[in-house]
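Shown next: upload-v9.cif, containing mmCIF, C-alpha atoms.
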```
data_input
loop_
_atom_site.label_atom_id
_atom_site.label_comp_id
_atom_site.auth_asym_id
_atom_site.auth_seq_id
_atom_site.Cartn_x
_atom_site.Cartn_y
_atom_site.Cartn_z
CA MET F 25 -31.92 18.57 11.06
CA LYS F 26 -35.24 17.41 12.51
CA LYS F 27 -35.93 13.70 12.76
CA TRP F 28 -38.85 13.89 10.31
CA ALA F 29 -36.65 15.59 7.73
CA LEU F 30 -34.04 12.83 8.05
CA LEU F 31 -36.75 10.24 7.49
CA ILE F 32 -37.90 12.02 4.33
CA LEU F 33 -34.34 12.13 2.98
CA ALA F 34 -33.81 8.48 3.80
CA ALA F 35 -37.05 7.53 2.03
CA ALA F 36 -36.00 9.51 -1.02
CA GLY F 37 -32.49 8.04 -0.97
CA ILE F 38 -30.96 11.51 -0.71
CA TRP F 39 -28.00 11.99 1.60
CA ALA F 40 -25.49 14.81 1.59
CA ALA F 41 -21.92 13.61 1.07
CA ALA F 42 -19.70 14.05 4.09
CA GLY F 43 -16.87 15.37 1.96
CA PRO F 44 -13.13 14.90 2.46
CA PRO F 45 -11.85 14.74 6.06
CA PRO F 46 -9.76 17.71 7.22
CA GLY F 47 -6.30 17.59 5.64
CA ALA F 48 -7.11 14.80 3.21
CA PRO F 49 -5.79 15.37 -0.33
CA THR F 50 -8.43 14.78 -2.99
CA ASP F 51 -8.27 13.35 -6.50
CA GLN F 52 -8.39 16.95 -7.75
CA ASN F 53 -4.82 17.37 -6.50
CA PRO F 54 -2.33 17.64 -9.43
CA GLU F 55 -0.34 14.72 -7.99
CA ALA F 56 -3.31 12.37 -7.81
CA TYR F 57 -3.16 11.03 -11.38
CA LYS F 58 0.36 12.15 -12.24
CA GLY F 59 2.12 9.76 -14.62
CA LEU F 60 -1.11 8.09 -15.70
CA SER F 61 -2.42 8.25 -19.25
CA ALA F 62 -6.12 8.69 -20.04
CA GLN F 63 -6.20 4.97 -20.82
CA ASP F 64 -4.57 4.17 -17.45
CA ILE F 65 -7.14 6.30 -15.63
CA GLY F 66 -9.97 4.53 -17.44
CA ARG F 67 -8.59 1.13 -16.42
CA LEU F 68 -8.04 2.40 -12.89
CA LYS F 69 -11.69 3.44 -12.61
CA LYS F 70 -12.75 -0.02 -13.77
CA GLY F 71 -10.98 -1.52 -10.76
CA GLU F 72 -7.58 -2.46 -12.20
CA VAL F 73 -4.27 -2.00 -10.42
CA ILE F 74 -1.98 0.09 -12.62
CA ILE F 75 1.80 -0.36 -12.46
CA ILE F 76 3.20 2.96 -13.66
CA LYS F 77 6.87 2.03 -13.70
CA LYS F 78 7.95 -1.47 -14.64
CA ILE F 79 11.57 -2.49 -14.22
CA GLY F 80 13.04 -4.48 -17.06
CA ARG F 81 15.45 -7.31 -16.40
CA GLU F 82 18.33 -5.20 -17.73
CA GLU F 83 17.64 -2.14 -15.60
CA SER F 84 19.53 -1.22 -12.46
CA THR F 85 17.26 -0.79 -9.46
CA SER F 86 19.53 1.82 -7.90
CA ASP F 87 17.65 4.63 -9.62
CA ALA F 88 14.40 2.90 -10.59
CA PHE F 89 11.44 3.71 -8.36
CA ILE F 90 8.40 1.55 -9.14
CA LYS F 91 5.07 3.33 -8.81
CA ALA F 92 1.52 2.04 -8.91
CA ALA F 93 -2.06 3.20 -8.40
CA MET F 94 -5.40 1.65 -7.55
CA ILE F 95 -8.86 2.73 -6.48
CA VAL F 96 -10.24 1.04 -3.37
CA ASN F 97 -13.94 0.90 -2.56
CA GLN F 98 -13.49 2.10 0.99
CA PRO F 99 -13.50 5.51 2.72
CA ILE F 100 -10.09 7.16 2.99
CA ASP F 101 -10.03 6.97 6.81
CA LYS F 102 -10.68 3.22 6.69
CA VAL F 103 -7.92 2.66 4.11
CA TYR F 104 -5.38 4.72 6.06
CA THR F 105 -6.24 3.01 9.35
CA LEU F 106 -5.82 -0.44 7.82
CA MET F 107 -2.51 0.42 6.13
CA ALA F 108 -1.13 1.92 9.33
CA GLN F 109 -1.37 -1.61 10.80
CA ASP F 110 1.89 -2.38 9.04
CA ALA F 111 2.64 -5.47 11.13
CA ARG F 112 -0.27 -7.24 9.35
CA GLN F 113 1.47 -7.34 5.97
CA ALA F 114 1.99 -11.11 6.08
CA GLU F 115 -1.78 -11.44 5.63
CA TYR F 116 -1.56 -10.32 1.99
CA VAL F 117 2.06 -9.89 0.78
CA PRO F 118 3.28 -12.92 -1.23
CA TYR F 119 6.34 -14.75 0.15
CA LEU F 120 6.21 -12.75 3.40
CA ASP F 121 5.66 -15.45 6.02
CA LYS F 122 6.48 -13.66 9.26
CA VAL F 123 6.29 -10.12 10.64
CA VAL F 124 7.43 -9.15 14.14
CA GLN F 125 6.55 -5.84 15.76
CA VAL F 126 9.89 -4.73 17.23
CA GLN F 127 8.97 -1.30 18.54
CA THR F 128 6.16 1.25 18.39
CA TYR F 129 6.83 4.99 18.26
CA SER F 130 4.59 8.02 18.44
CA ASP F 131 5.00 8.44 14.68
CA GLY F 132 5.14 4.84 13.47
CA ASP F 133 6.65 1.41 13.98
CA ASN F 134 9.77 -0.71 13.62
CA ILE F 135 8.90 -4.12 12.22
CA GLU F 136 10.98 -7.15 11.32
CA GLU F 137 10.03 -8.97 8.13
CA HIS F 138 10.89 -12.53 7.09
CA LEU F 139 10.62 -13.06 3.34
CA LYS F 140 11.11 -16.44 1.69
CA ILE F 141 11.68 -16.52 -2.08
CA LEU F 142 13.07 -19.44 -4.09
CA PHE F 143 14.31 -21.24 -0.93
CA ILE F 144 16.16 -18.09 0.20
CA ARG F 145 15.11 -16.34 3.39
CA LEU F 146 15.63 -12.61 3.75
CA VAL F 147 15.30 -10.91 7.14
CA PHE F 148 15.20 -7.14 7.49
CA ARG F 149 13.76 -4.41 9.68
CA VAL F 150 11.68 -1.56 8.38
CA ARG F 151 11.01 1.79 10.03
CA TRP F 152 7.52 2.99 9.18
CA TYR F 153 6.51 6.65 9.48
CA HIS F 154 2.84 7.53 9.89
CA TYR F 155 1.48 10.94 8.85
CA PRO F 156 -2.28 10.69 9.49
CA GLN F 157 -2.82 14.41 8.95
CA LYS F 158 -1.56 13.96 5.36
CA TYR F 159 -2.92 10.43 4.79
CA LEU F 160 0.65 9.42 4.02
CA LEU F 161 2.85 6.52 5.12
CA GLN F 162 6.56 6.14 4.34
CA TRP F 163 9.18 3.53 5.16
CA ASN F 164 12.87 2.70 4.91
CA LEU F 165 15.27 0.10 6.26
CA ALA F 166 16.15 0.41 9.94
CA PRO F 167 19.90 1.20 9.74
CA GLU F 168 20.81 -0.31 13.14
CA PHE F 169 19.86 -3.83 12.00
CA LYS F 170 21.96 -6.19 9.87
CA ASN F 171 19.51 -6.29 6.96
CA ASP F 172 19.58 -8.81 4.12
CA LEU F 173 18.44 -6.03 1.80
CA LYS F 174 20.80 -3.30 0.69
CA ARG F 175 18.06 -0.73 0.21
CA LEU F 176 14.33 -0.40 0.76
CA GLU F 177 12.20 2.74 0.62
CA GLY F 178 8.58 3.38 -0.15
CA PHE F 179 5.34 5.24 0.43
CA TRP F 180 1.55 5.07 0.37
CA GLN F 181 -0.33 8.29 -0.38
CA PHE F 182 -4.12 8.25 -0.24
CA TYR F 183 -6.51 10.64 -2.03
CA TYR F 184 -10.19 11.16 -1.30
CA ILE F 185 -12.44 10.53 -4.32
CA ASP F 186 -15.79 10.39 -2.54
CA ASP F 187 -17.17 9.04 0.72
CA ASN F 188 -16.78 5.44 -0.46
CA ARG F 189 -13.74 5.44 -2.75
CA THR F 190 -10.05 6.18 -2.24
CA LEU F 191 -7.25 6.61 -4.77
CA CYS F 192 -4.12 4.86 -3.50
CA ARG F 193 -0.71 5.82 -4.86
CA TYR F 194 2.22 3.54 -4.07
CA GLY F 195 5.94 3.72 -4.68
CA THR F 196 8.88 1.54 -3.72
CA ILE F 197 12.51 0.85 -4.45
CA SER F 198 14.53 -2.13 -3.25
CA GLU F 199 17.95 -3.65 -3.75
CA THR F 200 19.19 -7.00 -2.50
CA GLY F 201 22.56 -7.27 -0.81
CA PHE F 202 25.74 -8.92 -2.03
CA GLY F 203 25.44 -12.63 -2.72
CA ILE F 204 21.66 -12.65 -3.25
CA PRO F 205 20.77 -14.19 -6.65
CA LYS F 206 19.43 -11.92 -9.38
CA SER F 207 16.32 -14.10 -9.54
CA VAL F 208 15.36 -12.96 -6.03
CA GLN F 209 15.74 -9.31 -7.01
CA ASP F 210 13.61 -10.10 -10.05
CA PHE F 211 10.80 -11.36 -7.79
CA LEU F 212 11.02 -8.30 -5.56
CA THR F 213 10.86 -5.78 -8.38
CA ARG F 214 8.87 -7.41 -11.19
CA ARG F 215 6.98 -10.60 -10.43
CA ASP F 216 5.76 -10.02 -6.90
CA LEU F 217 4.32 -6.50 -7.14
CA PRO F 218 1.13 -7.03 -9.23
CA GLU F 219 0.03 -9.95 -7.07
CA ALA F 220 0.89 -8.09 -3.86
CA LEU F 221 -1.16 -5.03 -4.85
CA ASN F 222 -4.14 -7.04 -6.06
CA ASN F 223 -4.03 -8.94 -2.77
CA GLN F 224 -3.90 -5.68 -0.89
CA LYS F 225 -6.92 -4.32 -2.74
CA LEU F 226 -8.88 -7.41 -1.68
CA TRP F 227 -7.64 -6.94 1.88
CA PHE F 228 -8.66 -3.27 1.97
CA GLU F 229 -12.11 -3.92 0.52
CA SER F 230 -12.80 -6.73 3.01
CA ASN F 231 -11.95 -4.47 5.97
CA GLY F 232 -8.83 -6.55 6.57
CA ALA F 233 -10.66 -9.90 6.67
CA TRP F 234 -9.25 -11.35 3.42
CA ARG F 235 -6.14 -13.57 3.63
CA LYS F 236 -3.75 -14.71 0.92
CA PRO F 237 -3.88 -18.41 0.02
CA GLY F 238 -1.86 -20.50 2.44
CA TYR F 239 -1.67 -17.80 5.10
CA LYS F 240 -1.04 -19.10 8.61
CA ALA F 241 -1.73 -16.89 11.60
CA GLN F 242 1.39 -16.05 13.58
#
```
Could the structure of this file be written out as structure tokens, please?
Amino acid sequence: MKKWALLILAAAGIWAAAGPPPGAPTDQNPEAYKGLSAQDIGRLKKGEVIIIKKIGREESTSDAFIKAAMIVNQPIDKVYTLMAQDARQAEYVPYLDKVVQVQTYSDGDNIEEHLKILFIRLVFRVRWYHYPQKYLLQWNLAPEFKNDLKRLEGFWQFYYIDDNRTLCRYGTISETGFGIPKSVQDFLTRRDLPEALNNQKLWFESNGAWRKPGYKAQ
């Protein structure tokens, strides 16, 4: 397009949308809003973080996968790039006070996390898998390490809405090991998640500049 034509479009405030990057799933995908009611979607579009599955105190976590959704005011490539920096989680995750990058692979990372809840410290290693062509990240416990968690799995799946907004779908499941108080499991599965996701939304929308209260650089 000629320079003069670009100037005319700029003056008129008319720009063609770039559209979804190659391979990026969009919010027209059947999985994008799966499990969400019309009311949930309305709240989501107003900027709320929606917890789709809440675990009650009486439920076993062995078969309960918590899922959540939020819309972030950032392009999908920016959101994926930030989330792929998994060793930065201590900047926004409550009670996570230390993260160590153990190893980097061609398809992800191995990171060690130090979590302190109710005067109890949990140390565990997580193997992250990066799938940039699908805008997907997944993780599970690194089996070679003596983890203080019995089980941990999860995912982030990102969906293109438009050039400036991304739908983020999240899922996780965790179980503490033998001898860990039920109150700690309660924090991991019920109390911690809403704050963690709201923090993460702030972190995404600040291009990774926002920090949780009390954060100390490692």
Point to revise | Selection: 7 Å around Gly132 of chain F, all atoms listed in the file, excl. self and same-chain fewer than 4 positions, as a list in words | key: Thr128, Trp152, Tyr153 and His154 of chain F
Quick one: write out the picked residues with C-alpha atoms as a PDB file, in the frame of the given file?
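Saved result, result.pdb, follows:
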```
ATOM      1  CA  THR F 128       6.160   1.250  18.390  1.00  0.00           C
ATOM      2  CA  TRP F 152       7.520   2.990   9.180  1.00  0.00           C
ATOM      3  CA  TYR F 153       6.510   6.650   9.480  1.00  0.00           C
ATOM      4  CA  HIS F 154       2.840   7.530   9.890  1.00  0.00           C
TER       5      HIS F 154
END
```
Ala241 of chain F surroundings by all atoms listed in the file, 12 Å radius, close-in-sequence under 3 positions cut, as a PDB file with C-alpha atoms, in the frame of the given file:
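The resulting file, out-v3.pdb, is shown below:
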```
ATOM      1  CA  ARG F 112      -0.270  -7.240   9.350  1.00  0.00           C
ATOM      2  CA  GLN F 113       1.470  -7.340   5.970  1.00  0.00           C
ATOM      3  CA  ALA F 114       1.990 -11.110   6.080  1.00  0.00           C
ATOM      4  CA  GLU F 115      -1.780 -11.440   5.630  1.00  0.00           C
ATOM      5  CA  TYR F 116      -1.560 -10.320   1.990  1.00  0.00           C
ATOM      6  CA  ASP F 121       5.660 -15.450   6.020  1.00  0.00           C
ATOM      7  CA  LYS F 122       6.480 -13.660   9.260  1.00  0.00           C
ATOM      8  CA  VAL F 123       6.290 -10.120  10.640  1.00  0.00           C
ATOM      9  CA  ARG F 235      -6.140 -13.570   3.630  1.00  0.00           C
ATOM     10  CA  LYS F 236      -3.750 -14.710   0.920  1.00  0.00           C
ATOM     11  CA  PRO F 237      -3.880 -18.410   0.020  1.00  0.00           C
ATOM     12  CA  GLY F 238      -1.860 -20.500   2.440  1.00  0.00           C
TER      13      GLY F 238
END
```
Point to revise | d(atom CA of Tyr155 of chain F, atom CA of Gln242 of chain F) in Å | key: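 Between these atoms lies a distance of 27.4 Å.
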Practice item. Using the chain letters and numbers from the file, give me the residues hit by the PyMOL selection byres ((chain F and resi 49-58) around 8), as JSON, numbers by chain. Key: {"F": [44, 47, 48, 59, 60, 65, 158, 159, 182, 183, 184, 185, 191, 193]}
Box for segment 163-182 of chain F: with edges along x, y and z, all listed atoms inside and 8 Å added on each side, what are the centre and edge lengths in Å to one decimal, as lines of an AutoDock Vina configuration file?
```
center_x = 8.9
center_y = -0.3
center_z = 6.4
size_x = 42.1
size_y = 33.1
size_z = 29.5
```
Revision key, fill the gap. Using only C-alpha atoms, the best pick from F:Leu161, F:Pro46, F:Pro118, F:Ser61 as closest to Pro218 of chain F would be F:Pro118
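Note that the spacing between atom CA of Ile95 of chain F and atom CA of Ala42 of chain F amounts to 18.9 Å.
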Point to revise | Of the listed residues F:Asn223, F:Gln181, F:Asn231, F:Thr105, that which approaches Val117 of chain F most closely, counting all atoms listed in the file | key: F:Asn223
Check your understanding: How many Å separate atom CA of Thr200 of chain F from atom CA of Arg149 of chain F?
Key ->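 Atom-to-atom, atom CA of Thr200 of chain F to atom CA of Arg149 of chain F, that is 13.6 Å.
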Review point. Given the choices F:Ala166, F:Ala108, F:Val208, F:Leu176, which gets closest to Lys140 of chain F if the distance is worked out from only C-alpha atoms?
Key: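 Nearest candidate to Lys140 of chain F out of F:Ala166, F:Ala108, F:Val208, F:Leu176: F:Val208.
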Segment 63-146 of chain F near segment 224-229 of chain F within 7 Å: what's each residue's closest atom pair and its distance in Å to one decimal, counting only C-alpha atoms, ordered by chain then ascending residue number, as JSON lines?
```
{"residue": "F:Val96", "atom": "CA", "partner": "F:Lys225", "partner_atom": "CA", "distance": 6.3}
{"residue": "F:Asn97", "atom": "CA", "partner": "F:Glu229", "partner_atom": "CA", "distance": 6.0}
{"residue": "F:Gln98", "atom": "CA", "partner": "F:Glu229", "partner_atom": "CA", "distance": 6.2}
{"residue": "F:Val103", "atom": "CA", "partner": "F:Phe228", "partner_atom": "CA", "distance": 6.3}
{"residue": "F:Tyr116", "atom": "CA", "partner": "F:Gln224", "partner_atom": "CA", "distance": 5.9}
```
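Using all atoms listed in the file, the shortest contact distance between Tyr239 of chain F and any of F:Leu120, F:Phe143, F:Thr196, F:Gln63 is found at F:Leu120.
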Practice item. Please evaluate the PyMOL selection byres ((chain F and resi 179) around 6) against the structure above and give the resulting residues as a count of residues only. Key: 6
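Take the candidates F:Asp133, F:Asp64, F:Glu168, F:Glu177 and check each one against Ile90 of chain F using all atoms listed in the file; the shortest distance goes to F:Glu177.
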Point to revise | Selected residue, from F:Ala62, F:Val126, F:Leu173, F:Ala220, that lies nearest to Ser198 of chain F when counting all atoms listed in the file | key: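 Counting all atoms listed in the file, the residue closest to Ser198 of chain F is F:Leu173.
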Review point. Within 7 Å of Ile75 of chain F, counting all atoms listed in the file, which residues qualify if same-chain residues fewer than 5 places away don't, as a ChimeraX atom specification?
Key: /F:91-93
Practice item. Name the residues that the PyMOL selection byres ((chain F and resi 137) around 7) pulls out of this structure, and write them as a PyMOL selection string. Key: chain F and resi 122-124+135-136+138-139+147-149
